[in-house]
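Just data.cif here, mmCIF, C-alpha atoms:
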data_final
#
loop_
_atom_site.group_PDB
_atom_site.id
_atom_site.type_symbol
_atom_site.label_atom_id
_atom_site.label_comp_id
_atom_site.auth_asym_id
_atom_site.auth_seq_id
_atom_site.Cartn_x
_atom_site.Cartn_y
_atom_site.Cartn_z
ATOM 1 C CA MET A 1 106.995 259.002 -27.496
ATOM 2 C CA THR A 2 106.336 258.794 -23.779
ATOM 3 C CA VAL A 3 107.751 255.846 -21.877
ATOM 4 C CA MET A 4 106.078 254.939 -18.627
ATOM 5 C CA GLN A 5 108.101 253.439 -15.809
ATOM 6 C CA THR A 6 106.402 250.444 -14.237
ATOM 7 C CA LYS A 7 107.008 249.067 -10.803
ATOM 8 C CA PRO A 8 105.177 246.789 -8.392
ATOM 9 C CA ALA A 9 102.593 248.366 -6.119
ATOM 10 C CA ASP A 10 103.841 249.692 -2.809
ATOM 11 C CA PRO A 11 102.620 247.161 -0.213
ATOM 12 C CA ALA A 12 102.647 249.868 2.475
ATOM 13 C CA ARG A 13 100.005 251.843 0.567
ATOM 14 C CA THR A 14 97.850 248.867 -0.421
ATOM 15 C CA ALA A 15 94.577 248.586 1.480
ATOM 16 C CA SER A 16 93.648 245.262 3.035
ATOM 17 C CA ALA A 17 90.571 245.011 0.812
ATOM 18 C CA ASP A 18 90.924 243.286 -2.542
ATOM 19 C CA ILE A 19 91.266 246.295 -4.830
ATOM 20 C CA CYS A 20 90.996 244.808 -8.303
ATOM 21 C CA SER A 21 91.866 247.801 -10.418
ATOM 22 C CA ALA A 22 92.763 251.421 -10.452
ATOM 23 C CA PRO A 23 90.044 253.565 -8.957
ATOM 24 C CA PRO A 24 86.942 252.657 -10.950
ATOM 25 C CA ARG A 25 85.325 255.300 -13.049
ATOM 26 C CA ARG A 26 82.406 257.116 -11.518
ATOM 27 C CA HIS A 27 79.244 255.043 -11.272
ATOM 28 C CA PRO A 28 76.067 256.280 -12.946
ATOM 29 C CA ARG A 29 74.113 255.809 -9.707
ATOM 30 C CA PRO A 30 75.026 255.907 -6.015
ATOM 31 C CA ASP A 31 75.288 252.710 -3.978
ATOM 32 C CA GLY A 32 71.875 251.596 -2.805
ATOM 33 C CA GLN A 33 70.264 252.788 -6.032
ATOM 34 C CA ASP A 34 72.554 250.726 -8.254
ATOM 35 C CA ARG A 35 70.311 248.187 -9.932
ATOM 36 C CA TYR A 36 71.243 248.243 -13.615
ATOM 37 C CA THR A 37 69.587 246.245 -16.357
ATOM 38 C CA ILE A 38 71.721 244.331 -18.808
ATOM 39 C CA SER A 39 71.096 247.004 -21.474
ATOM 40 C CA GLU A 40 72.307 249.723 -19.108
ATOM 41 C CA VAL A 41 75.462 247.724 -18.365
ATOM 42 C CA VAL A 42 76.010 247.231 -22.099
ATOM 43 C CA ALA A 43 75.800 251.003 -22.608
ATOM 44 C CA PHE A 44 78.093 251.756 -19.653
ATOM 45 C CA THR A 45 80.783 249.108 -20.284
ATOM 46 C CA GLY A 46 80.755 248.656 -24.040
ATOM 47 C CA LEU A 47 80.489 244.893 -23.569
ATOM 48 C CA THR A 48 77.734 243.041 -25.401
ATOM 49 C CA ALA A 49 74.788 241.387 -23.683
ATOM 50 C CA HIS A 50 76.047 238.100 -25.124
ATOM 51 C CA THR A 51 79.434 238.635 -23.438
ATOM 52 C CA LEU A 52 77.806 239.486 -20.102
ATOM 53 C CA ARG A 53 75.670 236.321 -20.227
ATOM 54 C CA TRP A 54 78.704 234.271 -21.250
ATOM 55 C CA TYR A 55 80.761 235.667 -18.343
ATOM 56 C CA GLU A 56 77.965 234.583 -16.018
ATOM 57 C CA ARG A 57 77.694 231.135 -17.619
ATOM 58 C CA ILE A 58 81.444 230.359 -17.365
ATOM 59 C CA GLY A 59 81.671 231.481 -13.746
ATOM 60 C CA LEU A 60 83.368 234.794 -14.283
ATOM 61 C CA MET A 61 80.309 236.626 -12.863
ATOM 62 C CA PRO A 62 78.147 234.078 -11.045
ATOM 63 C CA HIS A 63 76.901 236.517 -8.401
ATOM 64 C CA VAL A 64 74.607 238.700 -10.526
ATOM 65 C CA ASP A 65 71.340 239.393 -8.694
ATOM 66 C CA ARG A 66 67.957 238.880 -10.332
ATOM 67 C CA SER A 67 64.708 240.784 -10.043
ATOM 68 C CA HIS A 68 61.506 239.006 -9.008
ATOM 69 C CA THR A 69 60.842 238.448 -12.729
ATOM 70 C CA GLY A 70 64.288 236.924 -13.315
ATOM 71 C CA GLN A 71 65.909 239.921 -15.007
ATOM 72 C CA ARG A 72 69.552 240.488 -14.213
ATOM 73 C CA ARG A 73 70.223 243.419 -11.916
ATOM 74 C CA TYR A 74 73.832 244.562 -11.824
ATOM 75 C CA SER A 75 75.348 246.606 -8.996
ATOM 76 C CA ASN A 76 78.169 249.131 -8.847
ATOM 77 C CA ARG A 77 80.333 246.322 -7.493
ATOM 78 C CA ASP A 78 79.517 244.299 -10.637
ATOM 79 C CA LEU A 79 80.525 247.279 -12.789
ATOM 80 C CA ASP A 80 83.845 247.477 -10.923
ATOM 81 C CA TRP A 81 84.414 243.751 -11.462
ATOM 82 C CA LEU A 82 83.611 244.069 -15.176
ATOM 83 C CA ASP A 83 86.072 246.953 -15.439
ATOM 84 C CA PHE A 84 88.762 244.748 -13.893
ATOM 85 C CA VAL A 85 87.891 241.754 -16.099
ATOM 86 C CA THR A 86 88.077 244.006 -19.161
ATOM 87 C CA LYS A 87 91.569 245.078 -18.111
ATOM 88 C CA LEU A 88 92.586 241.438 -17.628
ATOM 89 C CA ARG A 89 91.354 240.711 -21.158
ATOM 90 C CA LEU A 90 93.519 243.562 -22.460
ATOM 91 C CA THR A 91 96.550 241.968 -20.817
ATOM 92 C CA GLY A 92 96.027 238.835 -22.862
ATOM 93 C CA MET A 93 95.271 236.715 -19.801
ATOM 94 C CA PRO A 94 93.564 233.496 -20.930
ATOM 95 C CA VAL A 95 89.883 233.249 -20.029
ATOM 96 C CA ALA A 96 90.581 230.070 -18.065
ATOM 97 C CA ASP A 97 93.007 232.014 -15.847
ATOM 98 C CA MET A 98 90.443 234.779 -15.421
ATOM 99 C CA VAL A 99 87.861 232.225 -14.315
ATOM 100 C CA ARG A 100 90.403 230.679 -11.942
ATOM 101 C CA TYR A 101 91.110 234.122 -10.497
ATOM 102 C CA ALA A 102 87.367 234.686 -9.975
ATOM 103 C CA GLU A 103 87.123 231.323 -8.202
ATOM 104 C CA LEU A 104 90.017 232.276 -5.946
ATOM 105 C CA VAL A 105 88.365 235.599 -5.090
ATOM 106 C CA ARG A 106 85.222 233.736 -4.058
ATOM 107 C CA GLU A 107 87.279 231.361 -1.894
ATOM 108 C CA GLY A 108 88.490 234.275 0.226
ATOM 109 C CA GLU A 109 91.647 235.612 1.821
ATOM 110 C CA SER A 110 93.363 232.236 2.028
ATOM 111 C CA THR A 111 93.956 232.477 -1.734
ATOM 112 C CA TYR A 112 95.857 235.783 -1.734
ATOM 113 C CA ALA A 113 99.183 234.111 -2.574
ATOM 114 C CA GLU A 114 97.765 232.221 -5.547
ATOM 115 C CA ARG A 115 95.963 235.325 -6.816
ATOM 116 C CA GLN A 116 99.155 237.328 -6.479
ATOM 117 C CA GLU A 117 101.085 234.729 -8.483
ATOM 118 C CA LEU A 118 98.468 234.761 -11.256
ATOM 119 C CA LEU A 119 98.656 238.548 -11.482
ATOM 120 C CA GLU A 120 102.463 238.618 -11.294
ATOM 121 C CA SER A 121 102.682 236.056 -14.094
ATOM 122 C CA THR A 122 100.326 238.176 -16.197
ATOM 123 C CA ARG A 123 102.357 241.269 -15.371
ATOM 124 C CA ARG A 124 105.539 239.550 -16.613
ATOM 125 C CA ASP A 125 103.753 238.639 -19.842
ATOM 126 C CA VAL A 126 102.570 242.240 -20.285
ATOM 127 C CA LEU A 127 106.084 243.601 -19.732
ATOM 128 C CA THR A 128 107.428 241.162 -22.328
ATOM 129 C CA ARG A 129 104.775 242.305 -24.813
ATOM 130 C CA ILE A 130 105.569 245.958 -24.077
ATOM 131 C CA ALA A 131 109.260 245.324 -24.791
ATOM 132 C CA GLU A 132 108.343 243.598 -28.063
ATOM 133 C CA LEU A 133 106.134 246.538 -29.029
ATOM 134 C CA HIS A 134 108.931 249.015 -28.218
ATOM 135 C CA ASP A 135 111.270 247.051 -30.518
ATOM 136 C CA THR A 136 108.612 247.068 -33.232
ATOM 137 C CA LEU A 137 108.093 250.803 -32.766
ATOM 138 C CA SER A 138 111.834 251.382 -33.203
ATOM 139 C CA VAL A 139 111.765 249.520 -36.505
ATOM 140 C CA LEU A 140 108.780 251.561 -37.672
ATOM 141 C CA ASP A 141 110.452 254.823 -36.618
ATOM 142 C CA HIS A 142 113.601 253.816 -38.521
ATOM 143 C CA LYS A 143 111.611 253.042 -41.682
ATOM 144 C CA ILE A 144 109.597 256.265 -41.413
ATOM 145 C CA SER A 145 112.843 258.269 -41.045
ATOM 146 C CA PHE A 146 114.304 256.463 -44.037
ATOM 147 C CA TYR A 147 111.315 257.342 -46.247
ATOM 148 C CA ALA A 148 111.148 260.913 -44.934
ATOM 149 C CA ALA A 149 114.836 261.454 -45.814
ATOM 150 C CA GLY A 150 114.233 260.149 -49.336
ATOM 151 C CA LYS A 151 111.752 262.900 -50.255
#
Mind converting the file's structure to structure tokens?
Amino acid sequence: MTVMQTKPADPARTASADICSAPPRRHPRPDGQDRYTISEVVAFTGLTAHTLRWYERIGLMPHVDRSHTGQRRYSNRDLDWLDFVTKLRLTGMPVADMVRYAELVREGESTYAERQELLESTRRDVLTRIAELHDTLSVLDHKISFYAAGK
């Protein structure tokens, strides 16, 4: 088993821009040619079209551009945001907190402190869950050893 050491980000190395996740995976198209349909975003992200529409409806992604016919057109920036939102979902962050975070991002730099607190609170919750999972893993390892010795 590999145990990863976690620590807060080094503020000296943090850029002034709001970097919402680890470096995003490579985009299918370069900036400037990044107008993806909803079906392309579904294929790239693994999210469903229903989920993408719901995210837009609840305010988690209210900035999605539209074509002249009204079709959604996602950008690389949208893909990066979806990657971050997906990671927030994996942390167990409630959707209401995710929406609040998105609202704070739209409000600008004056909300950095509140955004930081939301993320730090989520980080504490994740660390608690990791500790619980490590305890559970120890119990499983003990039981597996017990049964292996009984053969």
Kindly indicate which residue among A:Arg35, A:Arg106, A:Arg89, A:Arg57 lies nearest to Arg73 of chain A, using only C-alpha atoms for the distances.
-> A:Arg35
Carefully work through the PyMOL selection byres ((chain A and resi 100) around 12) for this structure and note down the residues it includes, as an MDAnalysis selection string.
-> chainID A and resid 58:61 93:99 101:107 111 114:115 117:119
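With only C-alpha atoms as the atoms that count, the residue of A:His134, A:Pro28, A:Lys151, A:Phe44 with the shortest distance to Asp83 of chain A is A:Phe44.
One finds atom CA of Tyr36 of chain A at 10.5 Å from atom CA of Ser67 of chain A.
The spacing separating atom CA of His63 of chain A from atom CA of Ile38 of chain A amounts to 14.0 Å.
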Box for segment 24-34 of chain A - axis-aligned, 4 Å on each of the six sides, all listed atoms - centre and size in Å to one decimal, as AutoDock Vina command-line options.
--center_x 78.6 --center_y 253.9 --center_z -7.9 --size_x 24.7 --size_y 14.4 --size_z 18.2
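Those residues returned by the PyMOL selection byres ((chain A and resi 76) around 7) for this file are His27, Asp31, Asp34, Tyr74, Ser75, Arg77, Asp78, Leu79 and Asp80 of chain A.
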Selected residue, from A:Ala148, A:Thr91, A:His142, A:Thr37, that lies nearest to Asp65 of chain A when counting all atoms listed in the file | A:Thr37
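A straight line drawn from atom CA of Val41 of chain A to atom CA of Leu82 of chain A is 9.5 Å long.
Distances here use all atoms listed in the file; by that measure, the residue among A:Leu90, A:Ile144, A:Ala113, A:Val85 closest to Arg129 of chain A is A:Leu90.
Nearest to Thr45 of chain A of all the residues A:Pro30, A:Gln116, A:Val126, A:Lys87 is A:Lys87, counting only C-alpha atoms.
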